[in-house]
>>> print(open('model.tsv').read())   # TSV, C-alpha atoms
chain	number	residue	atom	x	y	z
A	22	MET	CA	60.18	-0.30	41.22
A	23	ALA	CA	60.77	2.01	38.27
A	24	GLU	CA	58.14	2.17	35.56
A	25	LYS	CA	58.95	0.70	32.15
A	26	TYR	CA	58.11	2.23	28.81
A	27	ILE	CA	58.40	0.09	25.71
A	28	SER	CA	58.44	0.77	22.01
A	29	ARG	CA	58.92	-1.35	18.92
A	30	SER	CA	62.28	-1.11	17.22
A	31	SER	CA	62.22	-0.04	13.61
A	32	ALA	CA	64.93	-2.63	12.86
A	33	ILE	CA	62.34	-5.37	12.68
A	34	ALA	CA	59.81	-6.76	10.26
A	35	ALA	CA	56.44	-7.88	11.61
A	36	ARG	CA	53.17	-9.24	10.33
A	37	MET	CA	49.97	-10.46	11.99
A	38	LEU	CA	48.76	-13.81	10.69
A	39	GLY	CA	45.90	-15.88	12.07
A	40	GLY	CA	45.87	-14.07	15.42
A	41	GLU	CA	49.62	-14.50	15.89
A	42	MET	CA	52.21	-11.80	15.38
A	43	MET	CA	55.40	-12.83	13.59
A	44	VAL	CA	58.35	-10.62	14.39
A	45	MET	CA	61.83	-10.90	12.89
A	46	SER	CA	64.91	-8.91	13.72
A	47	ALA	CA	66.35	-7.34	10.58
A	48	VAL	CA	69.75	-7.26	12.30
A	49	ASP	CA	70.27	-10.90	13.30
A	50	SER	CA	67.20	-12.56	11.71
A	51	THR	CA	65.94	-13.84	15.07
A	52	PHE	CA	62.33	-14.92	14.55
A	53	PHE	CA	59.55	-14.80	17.13
A	54	THR	CA	55.94	-15.86	16.95
A	55	LEU	CA	53.92	-13.99	19.57
A	56	ASN	CA	50.79	-15.48	21.07
A	57	GLU	CA	47.67	-13.39	21.61
A	58	VAL	CA	48.78	-11.94	24.95
A	59	ALA	CA	52.27	-11.09	23.71
A	60	SER	CA	50.79	-9.65	20.51
A	61	ALA	CA	48.56	-7.35	22.62
A	62	ILE	CA	51.60	-6.06	24.50
A	63	TRP	CA	53.52	-5.66	21.25
A	64	GLN	CA	50.76	-3.65	19.63
A	65	ALA	CA	50.40	-1.41	22.69
A	66	ALA	CA	54.16	-0.69	22.82
A	67	ASP	CA	53.89	2.94	21.76
A	68	GLY	CA	56.71	4.29	23.93
A	69	ARG	CA	54.29	6.46	25.93
A	70	THR	CA	52.09	4.01	27.81
A	71	PRO	CA	53.73	2.49	30.92
A	72	LEU	CA	54.00	-1.30	30.82
A	73	SER	CA	51.98	-1.57	34.04
A	74	GLU	CA	49.15	0.32	32.37
A	75	ILE	CA	49.34	-1.94	29.30
A	76	VAL	CA	49.10	-4.96	31.59
A	77	ALA	CA	46.13	-3.49	33.43
A	78	SER	CA	44.19	-2.13	30.48
A	79	LYS	CA	45.03	-4.60	27.73
A	80	ILE	CA	45.95	-7.87	29.38
A	81	CYS	CA	43.95	-8.16	32.61
A	82	ARG	CA	40.87	-6.69	30.99
A	83	GLU	CA	40.92	-8.86	27.87
A	84	PHE	CA	42.42	-12.10	29.16
A	85	ASP	CA	41.60	-14.23	32.16
A	86	VAL	CA	44.72	-13.60	34.21
A	87	ASP	CA	45.43	-11.88	37.52
A	88	ARG	CA	47.43	-8.68	37.65
A	89	GLU	CA	50.53	-10.03	39.41
A	90	ARG	CA	50.92	-13.02	37.11
A	91	ALA	CA	50.32	-10.91	34.02
A	92	GLN	CA	52.94	-8.38	35.13
A	93	ARG	CA	55.55	-11.10	35.72
A	94	GLY	CA	54.86	-12.58	32.28
A	95	ALA	CA	55.00	-9.16	30.64
A	96	ASP	CA	58.33	-8.36	32.33
A	97	ARG	CA	59.85	-11.62	31.09
A	98	PHE	CA	58.54	-11.07	27.58
A	99	VAL	CA	59.85	-7.51	27.45
A	100	ASP	CA	63.26	-8.55	28.78
A	101	GLU	CA	63.65	-11.29	26.18
A	102	LEU	CA	62.64	-9.17	23.22
A	103	SER	CA	64.73	-6.22	24.38
A	104	GLN	CA	67.81	-8.47	24.51
A	105	HIS	CA	67.39	-9.02	20.78
A	106	GLY	CA	66.84	-5.32	20.13
A	107	ILE	CA	63.28	-5.98	19.04
A	108	LEU	CA	61.68	-3.96	21.83
A	109	LEU	CA	63.20	-0.79	23.23
A	110	VAL	CA	62.83	-0.30	26.98
A	111	SER	CA	63.29	2.86	29.02
A	112	GLU	CA	62.38	4.22	32.43
A	113	GLN	CA	61.24	7.38	30.63
A	114	PRO	CA	58.69	7.73	27.85
A	115	ILE	CA	60.34	7.02	24.49
A	116	MET	CA	59.34	9.94	22.36
A	117	ASP	CA	61.89	10.04	19.55
A	118	PHE	CA	62.01	6.59	18.02
A	119	SER	CA	64.36	7.53	15.23
A	120	SER	CA	67.20	8.35	17.60
A	121	SER	CA	67.08	5.05	19.46
A	122	PRO	CA	69.92	2.56	18.99
A	123	GLY	CA	67.57	-0.06	17.63
A	124	ASN	CA	66.69	2.12	14.70
A	125	GLN	CA	70.06	2.20	13.02
B	11	MET	CA	96.52	-16.04	-26.98
B	12	THR	CA	97.82	-12.50	-27.11
B	13	THR	CA	97.50	-9.60	-29.48
B	14	THR	CA	100.15	-6.94	-29.88
B	15	LEU	CA	98.56	-3.53	-29.97
B	16	ALA	CA	101.72	-1.55	-30.72
B	17	THR	CA	105.35	-2.24	-31.26
B	18	THR	CA	107.79	-0.90	-28.73
B	19	GLU	CA	110.87	-1.43	-30.86
B	20	LYS	CA	112.86	1.48	-32.19
B	21	GLU	CA	111.99	2.28	-35.73
B	22	ASP	CA	113.36	4.34	-38.54
B	23	LEU	CA	111.14	7.37	-39.08
B	24	SER	CA	113.06	8.70	-42.05
B	25	ILE	CA	111.24	10.73	-44.65
B	26	GLU	CA	112.45	11.87	-47.96
B	27	ILE	CA	111.50	14.81	-50.14
B	28	GLY	CA	112.29	14.02	-53.69
B	29	ALA	CA	115.55	12.16	-53.80
B	30	MET	CA	117.27	14.08	-51.05
B	31	PRO	CA	117.13	12.71	-47.62
B	32	ILE	CA	116.45	15.58	-45.23
B	33	ALA	CA	116.22	13.58	-42.10
B	34	ARG	CA	117.44	10.24	-41.27
B	35	ARG	CA	117.66	9.31	-37.68
B	36	THR	CA	116.67	6.61	-35.32
B	37	HIS	CA	115.01	7.54	-32.07
B	38	ASP	CA	112.58	6.35	-29.46
B	39	SER	CA	108.97	6.20	-30.46
B	40	PRO	CA	107.13	9.39	-29.49
B	41	PHE	CA	104.24	7.23	-28.30
B	42	PRO	CA	104.02	5.98	-24.73
B	43	ARG	CA	105.22	2.47	-24.25
B	44	LEU	CA	102.23	0.16	-24.52
B	45	ILE	CA	102.04	-3.06	-22.64
B	46	GLU	CA	100.94	-6.13	-24.41
B	47	LYS	CA	97.34	-6.71	-23.42
B	48	PRO	CA	96.07	-10.27	-23.39
B	49	ASP	CA	92.84	-10.99	-25.16
B	50	CYS	CA	89.77	-10.70	-23.01
B	51	LEU	CA	87.68	-13.84	-23.14
B	52	SER	CA	84.05	-13.64	-22.10
B	53	VAL	CA	81.09	-15.81	-21.36
B	54	VAL	CA	77.54	-14.68	-20.57
B	55	ILE	CA	75.73	-16.79	-17.97
B	56	ALA	CA	71.98	-16.21	-17.75
B	57	ILE	CA	70.14	-17.56	-14.70
B	58	GLY	CA	66.50	-16.64	-14.19
B	59	GLY	CA	66.80	-14.56	-17.34
B	60	VAL	CA	69.43	-12.32	-15.73
B	61	ALA	CA	72.60	-12.25	-17.82
B	62	VAL	CA	76.00	-11.87	-16.19
B	63	ARG	CA	79.09	-11.46	-18.38
B	64	LEU	CA	82.30	-12.87	-16.93
B	65	ASN	CA	85.54	-11.68	-18.51
B	66	THR	CA	88.79	-13.55	-18.03
B	67	THR	CA	92.19	-13.78	-19.69
B	68	SER	CA	92.50	-17.50	-19.01
B	69	PRO	CA	91.28	-19.88	-21.75
B	70	ASP	CA	91.33	-22.74	-19.23
B	71	PHE	CA	89.14	-20.83	-16.78
B	72	LEU	CA	86.78	-19.87	-19.58
B	73	ALA	CA	86.49	-23.51	-20.61
B	74	MET	CA	85.74	-24.49	-17.02
B	75	LEU	CA	82.97	-21.85	-16.84
B	76	LYS	CA	81.40	-23.10	-20.05
B	77	ARG	CA	81.44	-26.67	-18.78
B	78	ARG	CA	80.11	-25.85	-15.34
B	79	TYR	CA	77.31	-23.61	-16.55
B	80	VAL	CA	76.38	-25.61	-19.63
B	81	GLY	CA	72.78	-24.91	-20.51
B	82	PHE	CA	72.99	-21.45	-18.94
B	83	VAL	CA	75.55	-19.95	-21.32
B	84	SER	CA	73.79	-17.27	-23.34
B	85	SER	CA	74.57	-16.36	-26.91
B	86	GLU	CA	73.24	-12.85	-26.30
B	87	SER	CA	75.89	-10.15	-26.22
B	88	HIS	CA	73.88	-7.97	-23.82
B	89	ALA	CA	74.39	-8.59	-20.12
B	90	GLU	CA	72.98	-6.83	-17.07
B	91	PHE	CA	76.19	-7.40	-15.11
B	92	ASP	CA	79.76	-7.20	-16.39
B	93	LEU	CA	82.43	-8.67	-14.13
B	94	ASP	CA	86.17	-9.04	-14.79
B	95	VAL	CA	87.61	-12.14	-13.16
B	96	ASN	CA	91.23	-11.69	-12.06
B	97	LEU	CA	92.82	-14.99	-11.18
B	98	SER	CA	95.54	-15.04	-8.56
B	99	PRO	CA	97.64	-17.73	-6.88
B	100	PRO	CA	96.37	-19.13	-3.59
B	101	GLU	CA	97.16	-17.09	-0.50
B	102	PHE	CA	96.93	-17.93	3.14
B	103	CYS	CA	93.47	-17.22	4.46
B	104	ASP	CA	91.47	-18.03	7.53
B	105	PRO	CA	89.84	-21.41	6.77
B	106	ILE	CA	86.90	-20.78	9.08
B	107	ALA	CA	86.20	-17.20	8.08
B	108	GLY	CA	82.59	-16.74	7.02
B	109	VAL	CA	81.41	-14.90	3.98
B	110	ARG	CA	80.91	-11.14	4.39
B	111	VAL	CA	78.57	-9.29	2.06
B	112	THR	CA	78.38	-5.56	2.61
B	113	HIS	CA	77.22	-2.47	0.79
B	114	ARG	CA	79.64	0.45	0.88
B	115	SER	CA	80.02	3.57	-1.22
B	116	ALA	CA	77.42	2.45	-3.75
B	117	ARG	CA	79.21	-0.88	-4.24
B	118	TRP	CA	78.47	-4.42	-3.15
B	119	LEU	CA	81.47	-6.19	-1.69
B	120	ILE	CA	81.89	-9.93	-1.10
B	121	GLU	CA	84.81	-11.13	1.01
B	122	TRP	CA	85.36	-14.81	1.66
B	123	GLY	CA	88.82	-16.21	2.26
B	124	ASP	CA	90.89	-15.31	-0.78
B	125	LEU	CA	87.78	-14.33	-2.74
B	126	ARG	CA	87.01	-10.66	-3.11
B	127	ALA	CA	84.32	-9.44	-5.48
B	128	GLU	CA	82.81	-6.01	-5.87
B	129	TRP	CA	80.56	-4.22	-8.30
B	130	GLU	CA	78.85	-0.87	-8.64
B	131	THR	CA	75.23	-1.04	-7.53
B	132	ALA	CA	74.08	1.24	-10.33
B	133	GLY	CA	76.49	0.48	-13.16
B	134	ARG	CA	76.66	-3.23	-12.39
B	135	ARG	CA	80.31	-3.40	-13.46
B	136	GLY	CA	82.90	-4.89	-11.21
B	137	THR	CA	85.75	-7.27	-10.55
B	138	ILE	CA	86.24	-10.64	-8.94
B	139	HIS	CA	89.62	-11.56	-7.46
B	140	GLN	CA	89.88	-15.28	-6.84
B	141	THR	CA	91.97	-18.35	-7.35
B	142	ALA	CA	91.20	-20.54	-10.35
B	143	ASN	CA	88.50	-22.64	-8.73
B	144	PRO	CA	84.83	-23.13	-9.64
B	145	TYR	CA	83.44	-22.62	-6.14
B	146	SER	CA	84.31	-18.96	-5.75
B	147	ILE	CA	82.60	-17.92	-8.95
B	148	ASP	CA	79.63	-20.07	-7.95
B	149	ALA	CA	79.43	-18.22	-4.63
B	150	VAL	CA	79.58	-14.84	-6.37
B	151	LEU	CA	76.77	-15.77	-8.74
B	152	ARG	CA	74.60	-17.11	-5.93
B	153	ILE	CA	75.11	-14.01	-3.80
B	154	LEU	CA	74.59	-11.66	-6.72
B	155	HIS	CA	71.25	-13.28	-7.48
B	156	THR	CA	70.14	-13.22	-3.83
B	157	LEU	CA	70.75	-9.47	-3.76
B	158	LEU	CA	68.96	-8.91	-7.03
B	159	LEU	CA	65.97	-11.10	-6.15
B	160	ALA	CA	65.50	-9.49	-2.73
B	161	ARG	CA	64.29	-6.32	-4.46
B	162	GLN	CA	62.09	-8.27	-6.88
B	163	GLY	CA	60.00	-10.14	-4.32
B	164	GLY	CA	61.98	-13.32	-4.89
B	165	PHE	CA	64.74	-15.37	-3.36
B	166	LEU	CA	67.05	-18.32	-3.73
B	167	LEU	CA	65.78	-21.22	-1.65
B	168	HIS	CA	67.70	-24.19	-0.28
B	169	ALA	CA	65.45	-26.56	-2.22
B	170	SER	CA	65.29	-28.88	-5.15
B	171	SER	CA	62.64	-28.13	-7.76
B	172	ALA	CA	61.04	-29.72	-10.77
B	173	ILE	CA	58.36	-29.10	-13.37
B	174	ARG	CA	55.61	-31.63	-13.93
B	175	ASN	CA	52.51	-31.15	-16.08
B	176	GLY	CA	53.52	-27.53	-16.64
B	177	LYS	CA	53.61	-26.78	-12.92
B	178	ALA	CA	56.69	-26.20	-10.77
B	179	PHE	CA	57.16	-27.78	-7.34
B	180	LEU	CA	59.73	-26.92	-4.68
B	181	PHE	CA	61.14	-29.42	-2.18
B	182	SER	CA	62.86	-27.64	0.68
B	183	GLY	CA	64.70	-28.82	3.72
B	184	VAL	CA	67.96	-28.80	5.56
B	185	SER	CA	70.86	-31.00	4.47
B	186	GLY	CA	69.80	-34.64	4.65
B	187	ALA	CA	66.07	-33.88	4.41
B	188	GLY	CA	65.88	-35.51	0.98
B	189	LYS	CA	66.27	-32.79	-1.67
B	190	THR	CA	68.64	-34.83	-3.78
B	191	THR	CA	66.82	-38.09	-3.02
B	192	ILE	CA	63.51	-36.79	-4.32
B	193	SER	CA	65.28	-35.44	-7.40
B	194	ARG	CA	66.80	-38.85	-8.10
B	195	LEU	CA	63.36	-40.45	-7.76
B	196	ALA	CA	61.73	-38.05	-10.25
B	197	PRO	CA	59.82	-39.80	-13.06
B	198	PRO	CA	60.80	-39.27	-16.71
B	199	ASP	CA	58.02	-36.74	-17.28
B	200	ALA	CA	59.46	-34.41	-14.61
B	201	THR	CA	61.97	-31.75	-15.60
B	202	LEU	CA	64.58	-31.15	-12.91
B	203	LEU	CA	65.29	-27.48	-12.25
B	204	THR	CA	67.91	-28.06	-9.54
B	205	ASP	CA	68.65	-30.49	-6.73
B	206	GLU	CA	70.10	-27.84	-4.42
B	207	VAL	CA	69.27	-24.15	-4.90
B	208	SER	CA	65.94	-23.04	-6.36
B	209	TYR	CA	65.31	-19.72	-8.01
B	210	VAL	CA	61.96	-18.10	-7.16
B	211	ARG	CA	60.66	-14.78	-8.42
B	212	ARG	CA	57.33	-13.05	-8.16
B	213	GLU	CA	55.79	-12.12	-11.48
B	214	GLY	CA	52.44	-10.37	-11.09
B	215	ASN	CA	50.19	-12.39	-8.83
B	216	ARG	CA	52.12	-15.61	-9.16
B	217	TYR	CA	55.55	-17.01	-8.49
B	218	MET	CA	57.80	-18.57	-11.07
B	219	ALA	CA	60.48	-21.17	-10.46
B	220	TYR	CA	63.55	-21.13	-12.72
B	221	GLY	CA	66.20	-23.73	-13.30
B	222	THR	CA	69.65	-23.10	-11.88
B	223	PRO	CA	73.12	-24.51	-12.50
B	224	PHE	CA	73.67	-24.68	-8.73
B	225	ALA	CA	73.97	-28.40	-8.12
B	226	GLY	CA	74.11	-30.50	-4.99
B	227	GLU	CA	74.97	-34.17	-4.75
B	228	LEU	CA	73.64	-34.85	-8.26
B	229	ALA	CA	76.56	-32.77	-9.51
B	230	ARG	CA	74.80	-31.67	-12.65
B	231	PRO	CA	73.04	-28.41	-13.48
B	232	GLY	CA	69.28	-28.19	-13.72
B	233	GLU	CA	67.36	-27.50	-16.90
B	234	ASN	CA	67.27	-23.88	-17.97
B	235	CYS	CA	63.50	-23.41	-18.04
B	236	SER	CA	60.71	-22.10	-15.82
B	237	ALA	CA	57.09	-22.64	-14.84
B	238	PRO	CA	54.48	-21.15	-12.49
B	239	LEU	CA	54.97	-22.40	-8.97
B	240	SER	CA	52.25	-24.75	-7.76
B	241	ALA	CA	53.41	-25.74	-4.26
B	242	LEU	CA	56.26	-25.78	-1.80
B	243	PHE	CA	56.83	-29.03	0.05
B	244	LEU	CA	58.83	-29.06	3.28
B	245	LEU	CA	60.54	-32.43	3.25
B	246	GLU	CA	60.55	-34.95	6.08
B	247	LYS	CA	61.53	-38.58	5.76
B	248	GLY	CA	58.97	-40.95	7.26
B	249	LEU	CA	57.40	-44.39	7.12
B	250	GLN	CA	54.75	-43.58	4.52
B	251	ASN	CA	54.05	-40.99	1.85
B	252	SER	CA	51.68	-38.24	2.89
B	253	ILE	CA	51.05	-34.55	2.45
B	254	GLU	CA	50.44	-32.91	5.82
B	255	PRO	CA	49.19	-29.43	6.66
B	256	ILE	CA	51.35	-26.86	8.41
B	257	SER	CA	50.32	-23.68	10.21
B	258	PRO	CA	50.96	-20.46	8.29
B	259	THR	CA	53.40	-19.13	10.88
B	260	ASP	CA	55.35	-22.42	10.95
B	261	ALA	CA	55.41	-22.42	7.17
B	262	ILE	CA	56.82	-18.91	7.01
B	263	GLN	CA	59.38	-19.61	9.71
B	264	ARG	CA	60.61	-22.74	7.90
B	265	LEU	CA	60.59	-20.93	4.59
B	266	LEU	CA	62.73	-18.13	6.03
B	267	ARG	CA	65.13	-20.67	7.51
B	268	ASN	CA	65.83	-22.04	4.04
B	269	ILE	CA	66.14	-18.77	2.12
B	270	LEU	CA	69.73	-18.09	1.10
B	271	PHE	CA	70.83	-14.62	2.06
B	272	PHE	CA	74.26	-13.45	3.10
B	273	ALA	CA	74.24	-9.65	3.22
B	274	HIS	CA	74.37	-7.63	6.41
B	275	ASP	CA	71.62	-5.35	5.20
B	276	PRO	CA	68.61	-4.87	7.49
B	277	ALA	CA	66.58	-3.16	4.77
B	278	LEU	CA	66.90	-6.17	2.47
B	279	VAL	CA	66.24	-8.58	5.35
B	280	LYS	CA	62.96	-6.75	5.95
B	281	LEU	CA	62.09	-7.10	2.27
B	282	LEU	CA	62.80	-10.83	2.43
B	283	PHE	CA	60.51	-11.22	5.42
B	284	GLN	CA	57.73	-9.46	3.52
B	285	SER	CA	58.45	-11.61	0.45
B	286	ALA	CA	58.20	-14.78	2.51
B	287	CYS	CA	54.83	-13.67	3.89
B	288	GLU	CA	53.56	-12.78	0.41
B	289	PHE	CA	54.82	-16.09	-0.94
B	290	ALA	CA	52.98	-18.01	1.79
B	291	SER	CA	49.77	-16.16	0.97
B	292	LEU	CA	49.91	-17.16	-2.72
B	293	VAL	CA	51.66	-20.52	-2.85
B	294	PRO	CA	50.38	-23.58	-0.92
B	295	ILE	CA	52.98	-24.84	1.56
B	296	HIS	CA	52.76	-28.39	2.94
B	297	ARG	CA	54.86	-30.90	4.78
B	298	LEU	CA	55.76	-33.81	2.54
B	299	VAL	CA	56.49	-36.91	4.58
B	300	PHE	CA	58.00	-39.55	2.32
B	301	VAL	CA	59.73	-42.88	2.07
B	302	PRO	CA	62.57	-42.89	-0.43
B	303	ASP	CA	60.94	-44.64	-3.36
B	304	GLN	CA	59.28	-43.49	-6.55
B	305	ARG	CA	55.71	-43.72	-5.21
B	306	VAL	CA	56.11	-40.32	-3.55
B	307	TRP	CA	55.78	-38.77	-6.99
B	308	ASP	CA	52.21	-40.12	-7.19
B	309	LEU	CA	51.36	-37.28	-4.80
B	310	ILE	CA	53.07	-34.63	-6.89
B	311	ARG	CA	51.08	-33.70	-9.96
>>> encode(input="model.tsv", output="structure tokens")
Amino acid sequence: MAEKYISRSSAIAARMLGGEMMVMSAVDSTFFTLNEVASAIWQAADGRTPLSEIVASKICREFDVDRERAQRGADRFVDELSQHGILLVSEQPIMDFSSSPGNQ
Amino acid sequence: MTTTLATTEKEDLSIEIGAMPIARRTHDSPFPRLIEKPDCLSVVIAIGGVAVRLNTTSPDFLAMLKRRYVGFVSSESHAEFDLDVNLSPPEFCDPIAGVRVTHRSARWLIEWGDLRAEWETAGRRGTIHQTANPYSIDAVLRILHTLLLARQGGFLLHASSAIRNGKAFLFSGVSGAGKTTISRLAPPDATLLTDEVSYVRREGNRYMAYGTPFAGELARPGENCSAPLSALFLLEKGLQNSIEPISPTDAIQRLLRNILFFAHDPALVKLLFQSACEFASLVPIHRLVFVPDQRVWDLIR
């Protein structure tokens, strides 16, 4: 299965409050509140670190969850946010954020 | 009422030197033909201290504006916005078309059915093309203020608001939540700012609430005054009166849901999100569960 690289779109507004990350799309105003696990993935979405590595190093190490279950949850989370243009997903490292479609 | 600026009739331009006529002829005026220009009638409407001059040629429309915005008509000649209202007969338009607010070529443009309004972002001069109805001009004013407030850390909120003991309170909720009901129940010592659309602006480290003429079911404008904001209540009808806590993220989400904003402008949407977060950090937000009688105001002081 191909590796996934994720990065945060610049067409969003986000703020951490009380351990939860609030994220809103500036394009369609969709609003998400991310729990601690999702917030950890969100903050690690630098476009260079593979999702599997984020799951291993950030999720499995810091939360009480097995690798397979954490990966499934991360995949679902990434799919949902990418459908709203909030996360950008690629099979290659995402180096140039400004040229991505989500940054218009 | 019209004023003639120049005559277009032929006139005798004869001149005489001494007693001898040296020229005596009738001819067309050398000046370009001037069209009779109707008088421009104006009214300045100041909401939240922001003055908007509306210019029209219709005395009836002007009278309607003065009635509708009574209490918000300013005697000041200076206005930050200057908009010419051109009235036109009704045209066919899509009855379900939504409002479109876009920024193009340094101009804001509002399109909604047979309403079209635009103004220069910098010069703040523009035109409104609409039929002679009060709702279109109301929509333009609301949208104009949402755009202006977005850059000032403020917003228009779907909420009623009132001042009591020198402090302003907001009551927000979707249609049917009780905004008008709680306004109707207000005691005599409360000053009603609006029963429908509240005007909120950050000023230093506090937020101010201003009265607006934007009315809901009460069908009357609010008082044109302001006060520091003390709390935002998210309305819910219930079996008893109580003030309940709400998590910060829920509060911000519900606040955002009730902010009026129409423009397709991601940069301003981001600013509004930040404004909502700042607002929630400075102004207490609670759920207000209430039964529709006057005792609910015992909790609001």
>>> interface_residues(input="model.tsv", of="chain A", to="chain B", cutoff="6 Å", atoms="only C-alpha atoms", output="PyMOL selection string")
chain A and resi 34+47-48
>>> residues_around(input="model.tsv", residues="Phe102 (chain B)", least_positions_apart="6", cutoff="12 Å", atoms="only C-alpha atoms", output="list of chain:residue names")
B:Gly123, B:Asp124, B:Leu125, B:Thr141
>>> closest_residue(input="model.tsv", among="B:Phe82, B:Ile153, B:Phe271, B:Ile147", to="Ser50 (chain A)", atoms="all atoms listed in the file")
B:Phe271
>>> closest_residue(input="model.tsv", among="A:Arg69, A:Lys79, A:Arg29, A:Arg36", to="Gln113 (chain A)", atoms="all atoms listed in the file")
A:Arg69
>>> residues_around(input="model.tsv", residues="Trp118 (chain B)", least_positions_apart="6", cutoff="8 Å", atoms="all atoms listed in the file", output="PDB file with C-alpha atoms, in the coordinates of the input")
ATOM      1  CA  VAL B 111      78.570  -9.290   2.060  1.00  0.00           C
ATOM      2  CA  THR B 112      78.380  -5.560   2.610  1.00  0.00           C
ATOM      3  CA  GLU B 128      82.810  -6.010  -5.870  1.00  0.00           C
ATOM      4  CA  TRP B 129      80.560  -4.220  -8.300  1.00  0.00           C
ATOM      5  CA  GLU B 130      78.850  -0.870  -8.640  1.00  0.00           C
ATOM      6  CA  THR B 131      75.230  -1.040  -7.530  1.00  0.00           C
TER       7      THR B 131
END
>>> residues_around(input="model.tsv", residues="Cys81 (chain A)", least_positions_apart="4", cutoff="12 Å", atoms="all atoms listed in the file", output="number ranges by chain")
A: 58, 61-62, 73-77, 85-92, 94-95
>>> closest_residue(input="model.tsv", among="B:Asp205, B:Glu233, B:Glu90, B:Glu213", to="Leu158 (chain B)", atoms="all atoms listed in the file")
B:Glu90
>>> residues_near_point(input="model.tsv", point="(65.0, -13.4, -1.9)", cutoff="8 Å", atoms="all atoms listed in the file", output="list in words")
Thr156, Leu157, Leu158, Leu159, Ala160, Arg161, Gln162, Gly163, Gly164, Phe165, Leu166, Leu167, Val210, Arg211, Ile269, Leu270, Phe271, Leu282 and Ser285 of chain B
>>> atom_distance(input="model.tsv", atom1="CA of Arg126 (chain B)", atom2="CA of Val80 (chain B)")
24.7 Å
>>> atom_distance(input="model.tsv", atom1="CA of Leu93 (chain B)", atom2="CA of Pro144 (chain B)")
15.3 Å
>>> residues_around(input="model.tsv", residues="Gly40 (chain A)", least_positions_apart="4", cutoff="10 Å", atoms="all atoms listed in the file", output="list in words")
Leu55, Asn56, Glu57 and Ser60 of chain A
>>> write_last_selection(input="model.tsv", atoms="C-alpha atoms", output="mmCIF file, in the frame of the given file")
data_model
loop_
_atom_site.group_PDB
_atom_site.id
_atom_site.type_symbol
_atom_site.label_atom_id
_atom_site.label_comp_id
_atom_site.auth_asym_id
_atom_site.auth_seq_id
_atom_site.Cartn_x
_atom_site.Cartn_y
_atom_site.Cartn_z
ATOM 1 C CA LEU A 55 53.920 -13.990 19.570
ATOM 2 C CA ASN A 56 50.790 -15.480 21.070
ATOM 3 C CA GLU A 57 47.670 -13.390 21.610
ATOM 4 C CA SER A 60 50.790 -9.650 20.510
#
>>> closest_residue(input="model.tsv", among="A:Glu112, A:Val44, A:Arg97, A:Thr70", to="Ser30 (chain A)", atoms="all atoms listed in the file")
A:Val44
>>> atom_distance(input="model.tsv", atom1="CA of Asn268 (chain B)", atom2="CA of Ala169 (chain B)")
7.7 Å
>>> closest_residue(input="model.tsv", among="B:Leu97, B:Val54, B:Ala286, B:Val62", to="Val83 (chain B)", atoms="all atoms listed in the file")
B:Val54
>>> closest_residue(input="model.tsv", among="B:Leu242, B:Asp148, B:Gly221, B:Asn143", to="Phe179 (chain B)", atoms="only C-alpha atoms")
B:Leu242
>>> residues_near_point(input="model.tsv", point="(63.9, -5.5, 20.3)", cutoff="8 Å", atoms="only C-alpha atoms", output="MDAnalysis selection string")
chainID A and resid 29:30 33 46 102:109 123
